[in-house]
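K.L.:
One file is attached below, data-v3.cif, containing mmCIF, C-alpha atoms, pLDDT in the B column; chains and numbers go by the auth columns.
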```
data_work
loop_
_atom_site.group_PDB
_atom_site.id
_atom_site.type_symbol
_atom_site.label_atom_id
_atom_site.label_comp_id
_atom_site.label_asym_id
_atom_site.label_seq_id
_atom_site.Cartn_x
_atom_site.Cartn_y
_atom_site.Cartn_z
_atom_site.B_iso_or_equiv
_atom_site.auth_seq_id
_atom_site.auth_asym_id
ATOM 1 C CA MET A 1 89.403 149.853 94.680 45.00 1 A
ATOM 2 C CA ASN A 2 89.869 150.761 98.338 45.00 2 A
ATOM 3 C CA ILE A 3 93.500 150.224 99.449 46.00 3 A
ATOM 4 C CA TYR A 4 92.350 148.732 102.780 44.00 4 A
ATOM 5 C CA PHE A 5 90.492 146.052 100.839 39.00 5 A
ATOM 6 C CA ALA A 6 93.069 145.526 98.093 39.00 6 A
ATOM 7 C CA VAL A 7 96.094 144.689 100.287 39.00 7 A
ATOM 8 C CA PRO A 8 94.437 141.912 102.343 40.00 8 A
ATOM 9 C CA PHE A 9 92.702 140.583 99.209 37.00 9 A
ATOM 10 C CA LEU A 10 95.982 140.369 97.287 35.00 10 A
ATOM 11 C CA ALA A 11 97.738 138.787 100.270 38.00 11 A
ATOM 12 C CA LEU A 12 95.040 136.098 100.538 36.00 12 A
ATOM 13 C CA LEU A 13 95.173 135.530 96.785 35.00 13 A
ATOM 14 C CA PHE A 14 98.961 135.110 96.890 37.00 14 A
ATOM 15 C CA ILE A 15 98.874 132.766 99.899 36.00 15 A
ATOM 16 C CA GLY A 16 96.034 130.713 98.395 36.00 16 A
ATOM 17 C CA CYS A 17 97.792 130.314 95.064 38.00 17 A
ATOM 18 C CA ASN A 18 101.060 129.291 96.694 39.00 18 A
ATOM 19 C CA SER A 19 99.647 126.796 99.187 41.00 19 A
ATOM 20 C CA PRO A 20 101.393 123.472 98.771 50.00 20 A
ATOM 21 C CA GLU A 21 99.304 120.800 97.123 61.00 21 A
ATOM 22 C CA PRO A 22 98.765 117.631 99.138 66.00 22 A
ATOM 23 C CA LYS A 23 101.408 115.020 98.395 73.00 23 A
ATOM 24 C CA PHE A 24 100.139 111.636 97.317 87.00 24 A
ATOM 25 C CA GLY A 25 96.560 112.937 97.460 89.00 25 A
ATOM 26 C CA LYS A 26 93.492 112.168 95.361 92.00 26 A
ATOM 27 C CA GLU A 27 95.518 112.344 92.145 92.00 27 A
ATOM 28 C CA TYR A 28 97.089 109.049 93.269 91.00 28 A
ATOM 29 C CA ASN A 29 93.726 107.239 93.540 93.00 29 A
ATOM 30 C CA SER A 30 94.262 105.194 90.370 92.00 30 A
ATOM 31 C CA ARG A 31 97.604 104.024 91.756 90.00 31 A
ATOM 32 C CA ARG A 32 95.911 103.266 95.098 90.00 32 A
ATOM 33 C CA THR A 33 93.394 101.074 93.254 88.00 33 A
ATOM 34 C CA ARG A 34 96.195 99.147 91.512 88.00 34 A
ATOM 35 C CA LEU A 35 97.947 98.618 94.875 85.00 35 A
ATOM 36 C CA GLY A 36 94.764 97.549 96.698 84.00 36 A
ATOM 37 C CA LEU A 37 94.668 100.684 98.848 89.00 37 A
ATOM 38 C CA GLN A 38 91.473 102.568 99.664 90.00 38 A
ATOM 39 C CA LYS A 39 90.826 105.590 97.434 93.00 39 A
ATOM 40 C CA ILE A 40 90.527 108.999 99.056 95.00 40 A
ATOM 41 C CA PRO A 41 86.875 109.989 98.459 94.00 41 A
ATOM 42 C CA ASP A 42 86.145 113.185 96.519 94.00 42 A
ATOM 43 C CA ASP A 43 84.465 114.935 99.465 95.00 43 A
ATOM 44 C CA TRP A 44 87.396 114.406 101.875 94.00 44 A
ATOM 45 C CA LYS A 45 89.778 117.225 102.813 92.00 45 A
ATOM 46 C CA VAL A 46 93.200 117.270 104.446 93.00 46 A
ATOM 47 C CA TYR A 47 92.563 117.474 108.201 89.00 47 A
ATOM 48 C CA ALA A 48 96.173 117.625 109.420 92.00 48 A
ATOM 49 C CA LYS A 49 99.382 118.257 107.533 91.00 49 A
ATOM 50 C CA GLU A 50 102.955 118.487 108.692 90.00 50 A
ATOM 51 C CA GLU A 51 106.256 117.731 107.057 89.00 51 A
ATOM 52 C CA GLY A 52 106.220 114.021 106.321 92.00 52 A
ATOM 53 C CA TYR A 53 102.504 113.260 106.627 92.00 53 A
ATOM 54 C CA GLU A 54 98.965 114.241 105.671 94.00 54 A
ATOM 55 C CA LYS A 55 95.786 113.033 107.305 95.00 55 A
ATOM 56 C CA TRP A 56 92.634 112.971 105.178 95.00 56 A
ATOM 57 C CA GLU A 57 89.467 112.760 107.262 94.00 57 A
ATOM 58 C CA ASN A 58 85.916 111.593 106.593 93.00 58 A
ATOM 59 C CA PRO A 59 83.570 114.621 106.687 92.00 59 A
ATOM 60 C CA LYS A 60 80.758 112.358 107.942 90.00 60 A
ATOM 61 C CA MET A 61 82.783 111.184 110.951 84.00 61 A
ATOM 62 C CA VAL A 62 80.805 113.061 113.626 80.00 62 A
ATOM 63 C CA SER A 63 77.415 111.823 112.381 80.00 63 A
ATOM 64 C CA SER A 64 78.773 108.259 112.090 81.00 64 A
ATOM 65 C CA ILE A 65 80.040 108.387 115.676 79.00 65 A
ATOM 66 C CA MET A 66 76.753 109.851 116.933 78.00 66 A
ATOM 67 C CA ASN A 67 74.762 107.170 115.078 81.00 67 A
ATOM 68 C CA LYS A 68 77.179 104.421 116.180 87.00 68 A
ATOM 69 C CA LYS A 69 77.763 103.408 112.572 90.00 69 A
ATOM 70 C CA ALA A 70 80.912 101.795 111.204 93.00 70 A
ATOM 71 C CA PHE A 71 82.983 103.984 108.893 92.00 71 A
ATOM 72 C CA LEU A 72 86.379 104.667 107.357 93.00 72 A
ATOM 73 C CA SER A 73 87.583 107.463 109.627 93.00 73 A
ATOM 74 C CA SER A 74 90.814 108.617 108.020 95.00 74 A
ATOM 75 C CA ILE A 75 93.593 107.912 105.553 95.00 75 A
ATOM 76 C CA THR A 76 97.057 109.067 106.596 95.00 76 A
ATOM 77 C CA THR A 77 99.856 109.290 104.055 95.00 77 A
ATOM 78 C CA HIS A 78 103.479 109.310 105.229 95.00 78 A
ATOM 79 C CA TYR A 79 106.252 110.485 102.920 93.00 79 A
ATOM 80 C CA ASP A 80 109.852 111.647 102.859 92.00 80 A
ATOM 81 C CA GLY A 81 110.244 114.318 100.221 89.00 81 A
ATOM 82 C CA GLU A 82 109.016 112.678 97.017 88.00 82 A
ATOM 83 C CA ILE A 83 109.127 109.127 98.431 91.00 83 A
ATOM 84 C CA TRP A 84 105.799 107.568 99.460 92.00 84 A
ATOM 85 C CA ILE A 85 106.650 105.716 102.704 94.00 85 A
ATOM 86 C CA SER A 86 103.293 104.335 103.876 94.00 86 A
ATOM 87 C CA GLU A 87 99.558 104.798 104.020 95.00 87 A
ATOM 88 C CA GLU A 88 97.278 103.996 106.951 95.00 88 A
ATOM 89 C CA ASP A 89 93.510 103.508 106.976 95.00 89 A
ATOM 90 C CA LEU A 90 91.638 103.845 110.261 95.00 90 A
ATOM 91 C CA LEU A 91 88.311 102.003 110.296 95.00 91 A
ATOM 92 C CA ILE A 92 85.902 102.400 113.235 94.00 92 A
ATOM 93 C CA SER A 93 83.181 99.840 114.079 94.00 93 A
ATOM 94 C CA GLY A 94 80.817 102.273 115.793 91.00 94 A
ATOM 95 C CA LYS A 95 81.195 100.439 119.121 91.00 95 A
ATOM 96 C CA MET A 96 82.960 101.927 122.119 88.00 96 A
ATOM 97 C CA PHE A 97 84.577 100.230 125.080 86.00 97 A
ATOM 98 C CA ASN A 98 85.903 101.515 128.377 82.00 98 A
ATOM 99 C CA LEU A 99 89.618 101.291 129.071 77.00 99 A
ATOM 100 C CA ASN A 100 90.953 102.896 132.254 80.00 100 A
ATOM 101 C CA ASP A 101 87.874 105.152 132.512 84.00 101 A
ATOM 102 C CA GLU A 102 88.279 106.315 128.921 83.00 102 A
ATOM 103 C CA GLU A 103 85.902 105.544 126.049 85.00 103 A
ATOM 104 C CA ILE A 104 87.878 104.007 123.175 85.00 104 A
ATOM 105 C CA PRO A 105 86.448 103.142 119.736 89.00 105 A
ATOM 106 C CA GLU A 106 86.732 99.587 118.435 92.00 106 A
ATOM 107 C CA ARG A 107 88.954 99.938 115.388 94.00 107 A
ATOM 108 C CA ILE A 108 91.118 98.356 112.745 96.00 108 A
ATOM 109 C CA GLN A 109 94.257 99.998 111.450 95.00 109 A
ATOM 110 C CA ALA A 110 95.366 98.924 107.991 95.00 110 A
ATOM 111 C CA LEU A 111 98.912 100.034 107.232 94.00 111 A
ATOM 112 C CA TYR A 112 100.606 99.594 103.872 94.00 112 A
ATOM 113 C CA THR A 113 104.358 100.233 103.802 93.00 113 A
ATOM 114 C CA PHE A 114 106.251 100.856 100.587 91.00 114 A
ATOM 115 C CA VAL A 115 109.611 100.569 102.367 90.00 115 A
ATOM 116 C CA PRO A 116 110.663 98.230 105.224 89.00 116 A
ATOM 117 C CA MET A 117 109.507 99.519 108.621 88.00 117 A
ATOM 118 C CA GLU A 118 109.659 98.231 112.190 87.00 118 A
ATOM 119 C CA ILE A 119 106.068 97.897 113.364 83.00 119 A
ATOM 120 C CA GLY A 120 104.276 96.719 116.476 75.00 120 A
ATOM 121 C CA VAL A 121 105.396 95.694 119.924 74.00 121 A
ATOM 122 C CA LYS A 122 107.656 93.007 118.480 77.00 122 A
ATOM 123 C CA LYS A 123 109.262 95.522 116.093 81.00 123 A
ATOM 124 C CA GLU A 124 108.599 93.317 113.069 80.00 124 A
ATOM 125 C CA GLN A 125 110.206 94.330 109.782 85.00 125 A
ATOM 126 C CA VAL A 126 107.261 94.825 107.438 87.00 126 A
ATOM 127 C CA THR A 127 106.919 95.778 103.791 87.00 127 A
ATOM 128 C CA GLY A 128 103.353 95.645 102.480 90.00 128 A
ATOM 129 C CA TRP A 129 100.273 95.162 104.672 91.00 129 A
ATOM 130 C CA TYR A 130 100.166 95.219 108.483 92.00 130 A
ATOM 131 C CA PHE A 131 96.725 95.028 110.149 94.00 131 A
ATOM 132 C CA SER A 132 95.909 95.554 113.805 94.00 132 A
ATOM 133 C CA TYR A 133 92.649 95.413 115.751 94.00 133 A
ATOM 134 C CA THR A 134 91.915 97.259 118.994 90.00 134 A
ATOM 135 C CA GLY A 135 88.769 96.505 120.944 85.00 135 A
ATOM 136 C CA ALA A 136 87.541 95.555 124.416 74.00 136 A
ATOM 137 C CA GLY A 137 90.982 96.024 125.916 71.00 137 A
ATOM 138 C CA ALA A 138 92.752 93.799 123.384 78.00 138 A
ATOM 139 C CA ALA A 139 95.141 94.717 120.608 83.00 139 A
ATOM 140 C CA ILE A 140 95.955 91.968 118.124 90.00 140 A
ATOM 141 C CA ARG A 141 97.525 91.593 114.720 91.00 141 A
ATOM 142 C CA MET A 142 95.194 90.369 111.962 94.00 142 A
ATOM 143 C CA ASN A 143 95.586 89.091 108.412 93.00 143 A
ATOM 144 C CA ALA A 144 93.711 90.454 105.396 93.00 144 A
ATOM 145 C CA GLN A 145 91.044 87.712 105.454 94.00 145 A
ATOM 146 C CA GLN A 146 90.287 88.414 109.135 95.00 146 A
ATOM 147 C CA VAL A 147 90.066 92.142 108.435 95.00 147 A
ATOM 148 C CA ASP A 148 87.705 91.635 105.490 94.00 148 A
ATOM 149 C CA SER A 149 85.530 89.361 107.620 95.00 149 A
ATOM 150 C CA ALA A 150 85.403 91.895 110.483 95.00 150 A
ATOM 151 C CA LEU A 151 84.610 94.763 108.110 95.00 151 A
ATOM 152 C CA LYS A 152 81.819 92.744 106.513 95.00 152 A
ATOM 153 C CA ALA A 153 80.393 92.043 109.995 95.00 153 A
ATOM 154 C CA TRP A 154 80.551 95.775 110.685 95.00 154 A
ATOM 155 C CA GLY A 155 78.610 96.452 107.464 95.00 155 A
ATOM 156 C CA LEU A 156 81.532 98.025 105.581 93.00 156 A
ATOM 157 C CA ASP A 157 82.304 97.225 101.962 88.00 157 A
ATOM 158 C CA TYR A 158 86.086 97.588 102.054 84.00 158 A
ATOM 159 C CA ARG A 159 88.329 94.732 101.000 83.00 159 A
ATOM 160 C CA TYR A 160 92.011 94.155 101.570 84.00 160 A
ATOM 161 C CA VAL A 161 92.206 90.694 100.013 73.00 161 A
ATOM 162 C CA ARG A 162 92.851 91.063 96.281 63.00 162 A
#
```
Is it possible to express this structure as structure tokens?
P.N.:
Amino acid sequence: MNIYFAVPFLALLFIGCNSPEPKFGKEYNSRRTRLGLQKIPDDWKVYAKEEGYEKWENPKMVSSIMNKKAFLSSITTHYDGEIWISEEDLLISGKMFNLNDEEIPERIQALYTFVPMEIGVKKEQVTGWYFSYTGAGAAIRMNAQQVDSALKAWGLDYRYVR
């Protein structure tokens, strides 16, 4: 074996084998189902990862945006060491609106907190579900029934009411 090939090959092999596994990734899907969280689909990959969070992204996001279709855009997991802090789903309707000369997608953020967190403008202490809607220049808090109704209207089969 050529030494110029062997050294980079072994370095890549070592780095690949020692890459940290995603925390609270797809192996937690059965737990997500029990908690009423969305499962991370098999074809999704980690898009962004830093200490304390991982963002899983829908590989069909670009085509969904181009076709103006509603979709689950991403699932972001927040953690502190081995403690699962929260998980956030970002759902996009496929519609855009203009805000201060910037195109913004109509969206719903579904956040589930495992530990108490201050959330929103009012800094509410929340444990469990917190839903917010952004669209047409408005940002409002929603409940699970409102979210399910909006998602159904968007043509998405995700449910937060259990």
K.L.:
Which value, in Å to one decimal, gives the distance between CA of Lys69 (chain A) and CA of Val161 (chain A)?
P.N.:
23.0 Å
K.L.:
Could you pull the residues within 10 Å of Lys39 (chain A), counting only C-alpha atoms, minus those fewer than 6 positions along the same chain, as a list in words?
P.N.:
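What passes the distance filter is Gly25, Lys26, Glu27, Tyr28, Asn29, Ser30, Arg31, Arg32, Thr33 and Ile75 of chain A.
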K.L.:
Using the chain letters and numbers from this file, what does the PyMOL selection byres ((chain A and resi 77) around 6) select? Give the answer as a ChimeraX atom specification.
P.N.:
/A:53-54,76,78,87
K.L.:
From the set A:Trp84, A:Leu151, A:Val115, A:Ala110, which residue has the shortest atom-to-atom contact distance to Phe131 (chain A), counting all atoms listed in the file?
P.N.:
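Comparing A:Trp84, A:Leu151, A:Val115, A:Ala110 against Phe131 (chain A), the winner is A:Ala110.
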K.L.:
Report, in Å to a single decimal, how far apart CA of Asn67 (chain A) and CA of Ser93 (chain A) are.
P.N.:
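Between these atoms lies a distance of 11.2 Å.
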K.L.:
Return the single residue from A:Glu124, A:Phe24, A:Ile108, A:Thr113 that is closest to Met142 (chain A), with distances computed using only C-alpha atoms.
P.N.:
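Counting only C-alpha atoms, the residue closest to Met142 (chain A) is A:Ile108.
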K.L.:
Please evaluate the PyMOL selection byres ((chain A and resi 57) around 8) against the displayed coordinates and give the resulting residues as a list of chain:residue names.
P.N.:
A:Trp44, A:Lys45, A:Val46, A:Tyr47, A:Lys55, A:Trp56, A:Asn58, A:Pro59, A:Met61, A:Ser73, A:Ser74, A:Ile75
K.L.:
Please, what distance in Å, to one decimal, runs between CA of Thr127 (chain A) and CA of Ser86 (chain A)?
P.N.:
9.3 Å
K.L.:
Check the smallest atom-to-atom distance from each of A:Arg34, A:Lys68, A:Lys122, A:Lys49 to Gly155 (chain A) using only C-alpha atoms, then report the winner.
P.N.:
A:Lys68
K.L.:
List the spatial neighbours of Phe97 (chain A) as an NGL selection string - criterion: any atom at most 8 Å away, all atoms listed in the file, same-chain residues fewer than 4 positions off excluded.
P.N.:
:A and (103-106 or 135-137)
K.L.:
Tell me, as a compact mmCIF listing (two decimals) with C-alpha atoms, in the frame of the given file, which residues lie within 12 Å of Val147 (chain A), counting only C-alpha atoms; anything in the same chain fewer than 2 positions away does not count.
P.N.:
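Output contents, as saved in out.txt:
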```txt
# COMPACT_ATOMS: atom_id res chain seq x y z
CA ASP A 89 93.51 103.51 106.98
CA LEU A 90 91.64 103.84 110.26
CA LEU A 91 88.31 102.00 110.30
CA SER A 93 83.18 99.84 114.08
CA ARG A 107 88.95 99.94 115.39
CA ILE A 108 91.12 98.36 112.74
CA GLN A 109 94.26 100.00 111.45
CA ALA A 110 95.37 98.92 107.99
CA LEU A 111 98.91 100.03 107.23
CA TRP A 129 100.27 95.16 104.67
CA TYR A 130 100.17 95.22 108.48
CA PHE A 131 96.72 95.03 110.15
CA SER A 132 95.91 95.55 113.80
CA TYR A 133 92.65 95.41 115.75
CA THR A 134 91.92 97.26 118.99
CA ILE A 140 95.96 91.97 118.12
CA ARG A 141 97.52 91.59 114.72
CA MET A 142 95.19 90.37 111.96
CA ASN A 143 95.59 89.09 108.41
CA ALA A 144 93.71 90.45 105.40
CA GLN A 145 91.04 87.71 105.45
CA SER A 149 85.53 89.36 107.62
CA ALA A 150 85.40 91.90 110.48
CA LEU A 151 84.61 94.76 108.11
CA LYS A 152 81.82 92.74 106.51
CA ALA A 153 80.39 92.04 110.00
CA TRP A 154 80.55 95.78 110.68
CA LEU A 156 81.53 98.02 105.58
CA ASP A 157 82.30 97.22 101.96
CA TYR A 158 86.09 97.59 102.05
CA ARG A 159 88.33 94.73 101.00
CA TYR A 160 92.01 94.16 101.57
CA VAL A 161 92.21 90.69 100.01
```
K.L.:
Edge lengths and centre in Å to one decimal, as lines of an AutoDock Vina configuration file, of the axis-aligned box that encloses all listed atoms of region 134-150 of chain A with 3 Å added on every side?
P.N.:
```
center_x = 91.5
center_y = 92.5
center_z = 115.7
size_x = 18.1
size_y = 15.5
size_z = 26.5
```
K.L.:
Near Val126 (chain A), within 7 Å and counting all atoms listed in the file, which residues show up once chain neighbours fewer than 3 positions away are dropped, as an MDAnalysis selection string?
P.N.:
chainID A and resid 116:119
